[in-house]
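For reference, entry_7.tsv (TSV, C-alpha atoms):
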chain	number	residue	atom	x	y	z
A	1	MET	CA	-41.74	-11.14	-8.02
A	2	ASP	CA	-43.47	-9.82	-4.90
A	3	PHE	CA	-45.04	-6.40	-4.48
A	4	ALA	CA	-42.22	-4.85	-2.43
A	5	LEU	CA	-39.49	-5.95	-4.83
A	6	ALA	CA	-41.50	-4.71	-7.82
A	7	ALA	CA	-41.92	-1.34	-6.10
A	8	ASP	CA	-38.17	-1.15	-5.42
A	9	TRP	CA	-37.34	-1.85	-9.06
A	10	LEU	CA	-39.86	0.70	-10.31
A	11	ASN	CA	-38.39	3.24	-7.88
A	12	LEU	CA	-34.82	2.49	-8.95
A	13	LEU	CA	-35.50	2.61	-12.69
A	14	SER	CA	-37.53	5.81	-12.36
A	15	ARG	CA	-34.75	7.41	-10.34
A	16	TRP	CA	-32.07	6.29	-12.80
A	17	PHE	CA	-33.99	7.65	-15.78
A	18	HIS	CA	-34.78	10.89	-13.91
A	19	MET	CA	-31.11	11.43	-13.12
A	20	THR	CA	-30.06	10.72	-16.71
A	21	VAL	CA	-32.44	13.13	-18.41
A	22	GLY	CA	-32.00	15.66	-15.59
A	23	ILE	CA	-28.24	15.74	-16.11
A	24	THR	CA	-28.83	16.22	-19.83
A	25	TRP	CA	-31.22	19.12	-19.26
A	26	ILE	CA	-29.06	20.84	-16.67
A	27	GLY	CA	-25.93	20.36	-18.77
A	28	THR	CA	-27.60	21.92	-21.80
A	29	SER	CA	-28.92	24.81	-19.71
A	30	PHE	CA	-25.53	25.49	-18.15
A	31	TYR	CA	-23.80	25.27	-21.52
A	32	PHE	CA	-26.07	27.79	-23.23
A	33	MET	CA	-25.96	30.22	-20.31
A	34	SER	CA	-22.16	30.00	-20.34
A	35	LEU	CA	-22.13	30.43	-24.12
A	36	ASP	CA	-24.36	33.50	-23.91
A	37	TYR	CA	-22.02	35.14	-21.43
A	38	GLN	CA	-18.92	34.41	-23.51
A	39	LEU	CA	-20.15	35.49	-26.94
A	40	LYS	CA	-18.17	38.34	-28.46
A	41	ALA	CA	-20.51	41.09	-29.61
A	42	LYS	CA	-20.26	42.36	-33.18
A	43	PRO	CA	-19.19	45.97	-33.82
A	44	ALA	CA	-22.06	48.43	-33.76
A	45	GLY	CA	-23.83	48.59	-37.12
A	46	ALA	CA	-21.95	45.63	-38.59
A	47	PRO	CA	-24.01	43.03	-40.48
A	48	GLY	CA	-24.24	39.39	-39.44
A	49	PRO	CA	-24.81	37.66	-36.11
A	50	ASP	CA	-25.10	39.62	-32.87
A	51	GLY	CA	-22.53	37.47	-31.08
A	52	THR	CA	-19.94	34.86	-31.94
A	53	ALA	CA	-17.61	32.46	-30.15
A	54	TRP	CA	-14.92	29.93	-30.97
A	55	GLU	CA	-14.69	26.79	-28.83
A	56	VAL	CA	-12.50	23.72	-28.67
A	57	HIS	CA	-13.64	20.33	-27.37
A	58	GLY	CA	-12.91	16.69	-28.04
A	59	GLY	CA	-10.14	17.46	-30.52
A	60	GLY	CA	-12.32	19.69	-32.70
A	61	PHE	CA	-13.07	23.40	-33.07
A	62	TYR	CA	-16.57	24.90	-33.06
A	63	HIS	CA	-17.67	28.27	-34.41
A	64	VAL	CA	-20.95	29.45	-32.84
A	65	ASP	CA	-23.02	32.47	-33.89
A	66	LYS	CA	-26.04	33.91	-32.08
A	67	TYR	CA	-28.84	36.08	-33.47
A	68	LEU	CA	-30.76	37.95	-30.78
A	69	VAL	CA	-33.98	37.84	-32.81
A	70	ALA	CA	-33.46	35.47	-35.75
A	71	PRO	CA	-31.31	35.04	-38.87
A	72	ALA	CA	-32.54	36.38	-42.18
A	73	ASN	CA	-32.92	32.85	-43.51
A	74	LEU	CA	-33.95	29.90	-41.38
A	75	PRO	CA	-31.75	26.78	-41.85
A	76	PRO	CA	-33.63	23.53	-42.54
A	77	ASP	CA	-31.77	21.54	-39.86
A	78	LEU	CA	-32.69	23.60	-36.80
A	79	ILE	CA	-31.94	21.72	-33.54
A	80	TRP	CA	-34.43	22.10	-30.67
A	81	HIS	CA	-33.44	21.47	-27.05
A	82	ARG	CA	-36.63	20.54	-25.21
A	83	TRP	CA	-37.16	16.82	-24.62
A	84	ALA	CA	-34.63	16.58	-21.79
A	85	ALA	CA	-36.65	19.17	-19.85
A	86	TYR	CA	-39.95	17.44	-20.56
A	87	LEU	CA	-38.69	13.98	-19.65
A	88	THR	CA	-37.03	15.27	-16.48
A	89	TRP	CA	-40.38	16.50	-15.20
A	90	VAL	CA	-42.32	13.43	-16.35
A	91	SER	CA	-39.81	11.01	-14.79
A	92	GLY	CA	-39.69	13.13	-11.64
A	93	PHE	CA	-43.46	13.00	-11.31
A	94	ILE	CA	-43.41	9.22	-11.80
A	95	LEU	CA	-40.79	9.01	-9.05
A	96	LEU	CA	-42.93	11.24	-6.81
A	97	ALA	CA	-45.88	8.91	-7.37
A	98	VAL	CA	-43.86	5.73	-6.78
A	99	GLN	CA	-42.03	6.99	-3.69
A	100	TYR	CA	-44.47	9.40	-2.04
A	101	TYR	CA	-47.97	8.67	-3.38
A	102	TRP	CA	-47.66	4.89	-3.35
A	103	ASN	CA	-46.30	4.97	0.21
A	104	ALA	CA	-48.13	8.09	1.33
A	105	ARG	CA	-48.59	7.01	4.95
A	106	GLY	CA	-44.88	6.41	5.36
A	107	PHE	CA	-43.28	9.18	3.28
A	108	LEU	CA	-45.85	11.93	2.74
A	109	ILE	CA	-48.01	11.96	5.86
A	110	ASP	CA	-47.05	12.62	9.47
A	111	PRO	CA	-50.08	12.42	11.81
A	112	ALA	CA	-48.29	14.73	14.24
A	113	VAL	CA	-48.31	17.44	11.56
A	114	ALA	CA	-51.68	16.80	9.92
A	115	ALA	CA	-53.91	13.73	10.20
A	116	LEU	CA	-54.50	13.31	6.48
A	117	GLU	CA	-55.80	10.39	4.49
A	118	PRO	CA	-53.60	9.40	1.52
A	119	TRP	CA	-56.10	10.76	-1.01
A	120	GLN	CA	-56.13	14.11	0.80
A	121	ALA	CA	-52.33	14.35	0.88
A	122	ILE	CA	-52.07	13.42	-2.79
A	123	GLY	CA	-54.77	15.93	-3.68
A	124	LEU	CA	-52.94	18.70	-1.84
A	125	SER	CA	-49.75	17.72	-3.60
A	126	LEU	CA	-51.29	17.90	-7.07
A	127	ALA	CA	-53.08	21.16	-6.30
A	128	SER	CA	-49.86	22.77	-5.05
A	129	ILE	CA	-47.98	21.79	-8.22
A	130	VAL	CA	-50.58	23.46	-10.42
A	131	ALA	CA	-51.11	26.49	-8.15
A	132	GLY	CA	-47.38	27.15	-7.86
A	133	TRP	CA	-46.98	27.41	-11.61
A	134	LEU	CA	-50.10	29.58	-12.04
A	135	VAL	CA	-48.96	32.09	-9.40
A	136	TYR	CA	-45.41	32.24	-10.77
A	137	ASP	CA	-46.58	32.59	-14.39
A	138	THR	CA	-49.03	35.33	-13.43
A	139	LEU	CA	-46.21	37.26	-11.76
A	140	CYS	CA	-43.98	36.90	-14.82
A	141	ARG	CA	-46.75	38.17	-17.10
A	142	SER	CA	-47.56	41.14	-14.88
A	143	GLY	CA	-45.94	44.55	-14.75
A	144	VAL	CA	-43.54	43.23	-12.09
A	145	ALA	CA	-41.62	41.53	-14.91
A	146	ASN	CA	-40.33	44.97	-15.92
A	147	TYR	CA	-38.35	45.03	-12.67
A	148	PRO	CA	-36.19	41.87	-12.73
A	149	THR	CA	-34.73	42.31	-9.25
A	150	LEU	CA	-38.15	42.86	-7.67
A	151	LEU	CA	-39.52	39.85	-9.56
A	152	SER	CA	-36.66	37.70	-8.26
A	153	VAL	CA	-37.37	38.76	-4.69
A	154	ILE	CA	-41.08	37.99	-5.05
A	155	VAL	CA	-40.32	34.55	-6.55
A	156	PHE	CA	-37.98	33.91	-3.60
A	157	VAL	CA	-40.79	34.81	-1.18
A	158	LEU	CA	-43.16	32.56	-3.14
A	159	ILE	CA	-40.79	29.58	-2.78
A	160	VAL	CA	-40.20	30.15	0.93
A	161	GLY	CA	-43.93	30.63	1.48
A	162	ALA	CA	-44.63	27.35	-0.29
A	163	ALA	CA	-41.99	25.65	1.89
A	164	TRP	CA	-43.75	26.93	5.02
A	165	ALA	CA	-47.16	25.78	3.73
A	166	PHE	CA	-45.83	22.31	2.88
A	167	SER	CA	-44.39	21.98	6.39
A	168	GLN	CA	-47.88	22.54	7.81
A	169	VAL	CA	-49.47	19.60	5.99
A	170	PHE	CA	-46.80	17.06	5.02
A	171	SER	CA	-44.11	15.11	6.84
A	172	GLY	CA	-40.70	16.78	6.98
A	173	ARG	CA	-39.44	14.54	4.19
A	174	GLY	CA	-42.57	15.11	2.12
A	175	ALA	CA	-42.49	18.89	2.62
A	176	PHE	CA	-38.88	19.25	1.52
A	177	ILE	CA	-39.27	17.11	-1.59
A	178	HIS	CA	-42.34	19.12	-2.53
A	179	VAL	CA	-40.29	22.31	-2.53
A	180	GLY	CA	-38.12	20.59	-5.13
A	181	VAL	CA	-41.20	19.52	-7.09
A	182	PHE	CA	-42.61	23.06	-6.81
A	183	ILE	CA	-39.44	24.61	-8.26
A	184	GLY	CA	-38.88	21.82	-10.79
A	185	THR	CA	-42.41	22.24	-12.15
A	186	ILE	CA	-41.83	25.97	-12.63
A	187	MET	CA	-38.61	25.23	-14.50
A	188	ALA	CA	-40.09	22.55	-16.78
A	189	ALA	CA	-43.25	24.56	-17.44
A	190	ASN	CA	-41.08	27.54	-18.40
A	191	VAL	CA	-39.65	25.41	-21.19
A	192	PHE	CA	-42.89	23.68	-22.23
A	193	LEU	CA	-45.33	26.60	-21.95
A	194	VAL	CA	-43.20	29.68	-22.61
A	195	ILE	CA	-39.72	29.22	-24.07
A	196	ILE	CA	-40.50	26.64	-26.78
A	197	PRO	CA	-43.88	28.20	-27.81
A	198	ASN	CA	-42.18	31.60	-28.15
A	199	GLN	CA	-39.46	30.08	-30.29
A	200	LYS	CA	-42.12	28.46	-32.47
A	201	ILE	CA	-43.76	31.88	-32.98
A	202	VAL	CA	-40.42	33.28	-34.14
A	203	VAL	CA	-39.89	30.33	-36.49
A	204	GLY	CA	-43.42	30.74	-37.86
A	205	ASP	CA	-42.78	34.42	-38.59
A	206	LEU	CA	-39.55	33.58	-40.42
A	207	ILE	CA	-41.24	30.93	-42.55
A	208	ALA	CA	-44.02	33.41	-43.40
A	209	GLY	CA	-41.49	36.08	-44.35
A	210	ARG	CA	-42.37	38.35	-41.41
A	211	ARG	CA	-39.83	40.03	-39.14
A	212	PRO	CA	-40.07	38.32	-35.71
A	213	ASP	CA	-40.99	40.38	-32.68
A	214	PRO	CA	-37.92	40.55	-30.35
A	215	LYS	CA	-40.17	40.44	-27.27
A	216	TYR	CA	-40.54	36.68	-27.58
A	217	GLY	CA	-36.80	36.15	-27.34
A	218	LYS	CA	-36.60	38.52	-24.37
A	219	ILE	CA	-39.35	36.67	-22.50
A	220	GLY	CA	-37.71	33.33	-23.22
A	221	LYS	CA	-34.37	34.62	-21.98
A	222	THR	CA	-35.94	35.80	-18.70
A	223	ARG	CA	-37.51	32.40	-18.03
A	224	SER	CA	-34.29	30.61	-19.01
A	225	THR	CA	-32.34	32.79	-16.58
A	226	HIS	CA	-34.79	31.94	-13.78
A	227	ASN	CA	-34.26	28.25	-14.54
A	228	ASN	CA	-30.51	28.70	-14.40
A	229	TYR	CA	-30.54	30.39	-11.00
A	230	LEU	CA	-32.95	27.84	-9.53
A	231	THR	CA	-30.96	24.79	-10.65
A	232	LEU	CA	-28.54	24.49	-7.73
A	233	PRO	CA	-31.25	24.92	-5.05
A	234	VAL	CA	-33.56	22.36	-6.68
A	235	LEU	CA	-30.75	19.81	-6.94
A	236	LEU	CA	-30.21	19.98	-3.18
A	237	MET	CA	-33.95	19.68	-2.54
A	238	MET	CA	-34.05	16.51	-4.61
A	239	VAL	CA	-31.38	14.77	-2.51
A	240	SER	CA	-32.69	16.15	0.79
A	241	ASN	CA	-34.46	12.92	1.74
A	242	HIS	CA	-31.05	11.51	2.67
A	243	TYR	CA	-30.43	14.27	5.24
A	244	PRO	CA	-32.89	14.54	8.15
A	245	MET	CA	-30.88	17.47	9.53
A	246	LEU	CA	-32.52	19.44	6.68
A	247	TYR	CA	-36.06	18.14	6.33
A	248	GLY	CA	-36.41	17.13	9.98
A	249	HIS	CA	-35.87	20.64	11.31
A	250	PRO	CA	-38.95	22.32	12.86
A	251	ALA	CA	-38.23	25.44	10.79
A	252	SER	CA	-37.44	23.63	7.54
A	253	TRP	CA	-38.84	26.56	5.56
A	254	LEU	CA	-36.00	28.71	6.92
A	255	VAL	CA	-33.49	26.09	5.80
A	256	VAL	CA	-35.07	26.29	2.34
A	257	ALA	CA	-34.60	30.07	2.32
A	258	PHE	CA	-30.88	29.74	3.02
A	259	ILE	CA	-30.51	27.01	0.38
A	260	VAL	CA	-32.11	29.21	-2.29
A	261	VAL	CA	-29.98	32.22	-1.38
A	262	CYS	CA	-26.76	30.22	-1.25
A	263	GLY	CA	-27.39	28.27	-4.46
A	264	ALA	CA	-28.57	31.27	-6.47
A	265	LEU	CA	-25.60	33.40	-5.43
A	266	VAL	CA	-23.13	30.64	-6.25
A	267	GLN	CA	-24.72	30.40	-9.69
A	268	HIS	CA	-24.58	34.19	-10.03
A	269	THR	CA	-20.86	34.11	-9.26
A	270	ILE	CA	-20.27	31.44	-11.92
A	271	ASN	CA	-22.30	33.36	-14.50
A	272	ARG	CA	-20.59	36.69	-13.94
A	273	HIS	CA	-17.15	35.08	-13.93
A	274	GLU	CA	-17.87	33.41	-17.27
A	275	ALA	CA	-19.13	36.73	-18.61
A	276	GLY	CA	-15.75	38.24	-17.82
A	277	ASP	CA	-17.12	40.85	-15.44
A	278	PRO	CA	-14.66	42.48	-13.05
A	279	TRP	CA	-14.57	40.78	-9.64
A	280	ALA	CA	-15.54	44.02	-7.92
A	281	SER	CA	-18.94	43.95	-9.63
A	282	TYR	CA	-20.01	40.53	-8.33
A	283	GLY	CA	-17.52	39.57	-5.63
A	284	TRP	CA	-20.06	40.49	-2.95
A	285	ALA	CA	-22.05	37.36	-3.84
A	286	VAL	CA	-19.39	34.97	-2.51
A	287	PRO	CA	-19.35	36.18	1.13
A	288	VAL	CA	-23.14	36.50	1.15
A	289	ALA	CA	-23.49	32.90	-0.11
A	290	ALA	CA	-20.99	31.82	2.56
A	291	ILE	CA	-23.00	33.62	5.25
A	292	ALA	CA	-26.17	31.89	4.03
A	293	LEU	CA	-24.40	28.52	4.25
A	294	ILE	CA	-23.10	29.27	7.75
A	295	CYS	CA	-26.60	30.34	8.83
A	296	MET	CA	-28.02	27.12	7.42
A	297	ILE	CA	-25.49	25.04	9.36
A	298	PHE	CA	-26.16	27.05	12.52
A	299	VAL	CA	-29.94	26.70	12.20
A	300	THR	CA	-29.77	22.93	11.70
A	301	ALA	CA	-27.55	22.66	14.78
A	302	GLN	CA	-30.06	24.57	16.93
A	303	ARG	CA	-33.02	22.20	16.61
A	304	PRO	CA	-34.79	21.33	19.88
A	305	GLN	CA	-32.96	18.64	21.87
A	306	LEU	CA	-34.61	15.91	23.92
A	307	ASP	CA	-33.73	15.87	27.62
A	308	LEU	CA	-31.82	12.60	27.77
A	309	ALA	CA	-30.94	13.11	31.43
A	310	ALA	CA	-34.62	13.10	32.35
A	311	ALA	CA	-34.92	9.58	30.95
A	312	GLY	CA	-32.60	8.33	33.68
A	313	LYS	CA	-30.80	5.02	33.42
A	314	VAL	CA	-32.37	2.92	30.65
A	315	SER	CA	-31.89	-0.83	30.61
A	316	GLU	CA	-30.91	-2.83	27.58
A	317	ALA	CA	-34.23	-4.67	27.75
A	318	ARG	CA	-36.17	-1.40	27.70
A	319	ALA	CA	-34.18	-0.09	24.70
A	320	LEU	CA	-34.83	-3.32	22.82
A	321	ASP	CA	-38.51	-3.16	23.69
A	322	ILE	CA	-38.71	0.32	22.14
A	323	THR	CA	-36.92	-0.68	18.94
A	324	ILE	CA	-38.85	-3.91	18.54
A	325	ARG	CA	-42.11	-1.97	18.90
A	326	HIS	CA	-41.23	0.94	16.62
A	327	CYS	CA	-38.35	-0.07	14.34
A	328	ALA	CA	-38.06	-3.82	13.79
A	329	ALA	CA	-41.07	-4.16	11.49
A	330	CYS	CA	-38.83	-2.66	8.78
A	331	HIS	CA	-35.33	-2.98	10.26
A	332	ALA	CA	-35.26	-6.74	10.62
A	333	ARG	CA	-33.49	-9.56	8.86
A	334	GLN	CA	-36.92	-10.59	7.62
A	335	PRO	CA	-39.05	-7.42	7.64
A	336	LYS	CA	-42.76	-7.72	8.38
A	337	HIS	CA	-43.60	-4.35	6.84
A	338	ALA	CA	-45.30	-4.79	3.46
A	339	GLY	CA	-43.10	-2.13	1.86
A	340	PHE	CA	-39.75	-3.85	2.43
A	341	THR	CA	-38.21	-7.16	1.43
A	342	GLU	CA	-35.01	-6.47	3.39
A	343	ALA	CA	-33.86	-4.05	6.05
A	344	PRO	CA	-33.49	-0.52	4.64
A	345	LYS	CA	-29.78	0.28	4.08
A	346	GLY	CA	-28.94	-3.03	5.75
A	347	VAL	CA	-29.74	-1.60	9.20
A	348	THR	CA	-31.20	-4.29	11.47
A	349	LEU	CA	-32.39	-3.38	14.96
A	350	GLU	CA	-33.30	-6.67	16.61
A	351	THR	CA	-30.49	-7.20	19.14
A	352	SER	CA	-28.44	-5.12	21.57
A	353	ALA	CA	-25.43	-5.68	19.30
A	354	ASP	CA	-27.45	-4.16	16.42
A	355	LEU	CA	-28.26	-1.10	18.53
A	356	ARG	CA	-24.60	-0.51	19.35
A	357	ARG	CA	-23.47	-1.12	15.77
A	358	PHE	CA	-25.95	1.34	14.27
A	359	SER	CA	-26.09	3.76	17.20
A	360	GLY	CA	-24.95	6.73	15.10
A	361	ALA	CA	-27.72	6.25	12.55
A	362	ILE	CA	-30.32	5.71	15.29
A	363	VAL	CA	-29.32	8.90	17.09
A	364	GLN	CA	-29.39	10.93	13.88
A	365	GLN	CA	-32.63	9.53	12.46
A	366	THR	CA	-34.69	8.90	15.60
A	367	VAL	CA	-33.31	10.89	18.55
A	368	GLN	CA	-31.93	14.09	17.04
A	369	SER	CA	-34.69	14.19	14.44
A	370	LYS	CA	-38.02	12.45	13.95
A	371	ALA	CA	-37.24	11.07	10.51
A	372	MET	CA	-37.86	7.55	11.79
A	373	PRO	CA	-40.14	5.68	12.06
A	374	LEU	CA	-41.39	6.64	8.59
A	375	GLY	CA	-44.40	8.88	8.99
A	376	ASN	CA	-44.25	7.90	12.66
A	377	GLU	CA	-46.70	5.14	11.76
A	378	THR	CA	-46.15	3.43	15.13
A	379	GLY	CA	-46.69	6.59	17.17
A	380	MET	CA	-43.25	6.79	18.78
A	381	THR	CA	-43.29	9.40	21.58
A	382	ASP	CA	-40.64	11.93	22.61
A	383	PRO	CA	-40.08	10.19	25.98
A	384	GLU	CA	-39.38	6.94	24.10
A	385	ARG	CA	-36.94	8.72	21.81
A	386	ALA	CA	-35.23	10.22	24.86
A	387	GLU	CA	-34.99	6.80	26.54
A	388	LEU	CA	-33.43	5.29	23.42
A	389	GLY	CA	-30.99	8.19	23.17
A	390	ALA	CA	-30.04	7.83	26.84
A	391	PHE	CA	-29.36	4.11	26.44
A	392	LEU	CA	-27.20	4.64	23.34
A	393	ALA	CA	-25.24	7.41	25.11
A	394	SER	CA	-24.46	5.11	28.02
A	395	ALA	CA	-23.63	2.17	25.73
A	396	ARG	CA	-20.83	3.94	23.88

When written as structure tokens, how does the structure in this file appear?
Amino acid sequence: MDFALAADWLNLLSRWFHMTVGITWIGTSFYFMSLDYQLKAKPAGAPGPDGTAWEVHGGGFYHVDKYLVAPANLPPDLIWHRWAAYLTWVSGFILLAVQYYWNARGFLIDPAVAALEPWQAIGLSLASIVAGWLVYDTLCRSGVANYPTLLSVIVFVLIVGAAWAFSQVFSGRGAFIHVGVFIGTIMAANVFLVIIPNQKIVVGDLIAGRRPDPKYGKIGKTRSTHNNYLTLPVLLMMVSNHYPMLYGHPASWLVVAFIVVCGALVQHTINRHEAGDPWASYGWAVPVAAIALICMIFVTAQRPQLDLAAAGKVSEARALDITIRHCAACHARQPKHAGFTEAPKGVTLETSADLRRFSGAIVQQTVQSKAMPLGNETGMTDPERAELGAFLASAR
């Protein structure tokens, strides 16, 4: 097995595992948030659990009770939900290393943005992951945590600020995926460093016969709620590498801002609906989310356009010369690039027939954005992109 094929298999298996455990974590998170909102509170002063719910699924009925602090007696078969979160982050980091660290020059670095060496780009990546969590955690432990709305706004600014900073040092693709890593690390660390340790403190108090301090449950609930509202935005970040209209935009940080607003408000709508709140109390979130989505679409449509007319009439030979020089090392029937054993996505760009067949993909990836060549390793210029776009426009 050659190097490129081994890398592809490692990438695929890492991605498959990451998706599997990620779905498990997200599903569990969504279920418990939904359950919390649908629990029926006990009458004031009544003994027993603080909330209860009856559910039906898979032909059976489930009776669920919730204690805001802890039950009087701890059952011996307590179920912990934690490994899905841990494995999602670990598998995601492995995937980051395989896809972006291993091929840093192609996926993480763009010399037109910052002329970094691979070790420098990887170092910045690792530092940003750690720094993002430390800043977020410090905010949550400060007095700002007493004002949930203000804390949410500051976390939003933190995410958008990180998106802007990433766009100043990484390629468009690398910057966008790092926003996802930034948010995903916060979410996983919330579970590993706050939620589970707090639950262990409560369990320890119960075993020792002490009454648990309710503050630990409150802190855990706050972090869990943050995770819930960040889930939809981070999911889109993680699939963003398929959409250059997002990561290839010059103001990608602004696109990130609209994604976070839209995703969080959609999640807010779902949560409040499941809680049974009257529509009038949360209905405002739907039009605001729609406006954020419309703004995102508008912004991605307003990216700078190359002047194809200035390129004049471009011959077939000239167009082929450009693609052979900048594209065919990867997009060939027998690629010469060390990272590929076959043409990515089956797109070959060696003949004029190939150019016409894949013209839509070329325009999207190379002319309308600078997603290709990867990391612009071959130094493709804007005039060359314009010439290729002009040829494809005339060849339709």

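Using all atoms listed in the file, the protein and nucleic acid residues lying no more than 8 Å from Met187 of chain A, apart from those fewer than 3 places from it along its own chain, are Ile183, Gly184, Asn190, Val191, His226, Asn227 and Leu230 of chain A.
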
In terms of all atoms listed in the file, the residue from A:Leu74, A:Ala361, A:Pro111, A:Thr20 at minimal distance from Val202 of chain A is A:Leu74

Proximity of segment 196-265 of chain A to segment 158-163 of chain A: per-residue shortest pair, 7 Å limit, all atoms listed in the file, as CSV:
residue,atom,partner,partner_atom,distance
A:Trp253,CA,A:Ala163,CA,4.9
A:Val256,CA,A:Val160,CA,6.6
A:Ala257,CA,A:Val160,CA,5.8

Pairwise distance, atom CA of Val234 of chain A with atom CA of Ala292 of chain A, equals 16.1 Å

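Between atom CA of Pro373 of chain A and atom CA of Gly174 of chain A lies a distance of 13.9 Å.
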
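As for atom CA of Cys262 of chain A and atom CA of Trp284 of chain A, they are spaced 12.4 Å apart.
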
**Message:** Give me, as an MDAnalysis selection string, all polymer residues having an atom no more than 12 Å from Ala390 of chain A, counting all atoms listed in the file and skipping those fewer than 5 positions away in the same chain.
**Reply:** chainID A and resid 306:316 318:319 359 362:363 367:368 383:385 395:396

Problem - Close residues, Gly263 of chain A itself excluded, 12 Å, only C-alpha atoms, min 3 positions apart in chain, as a ChimeraX atom specification - result: /A:228-237,256-260,266-270,285-286,288-293,296

Between A:Phe93, A:Tyr37, A:Phe61, A:Phe176, smallest distance to Ser240 of chain A by all atoms listed in the file belongs to A:Phe176

Residue with the minimum atom-to-atom distance to Thr351 of chain A, picked from A:Ile109, A:Ile322, A:Ile154, A:Val299 with only C-alpha atoms counted, is A:Ile322
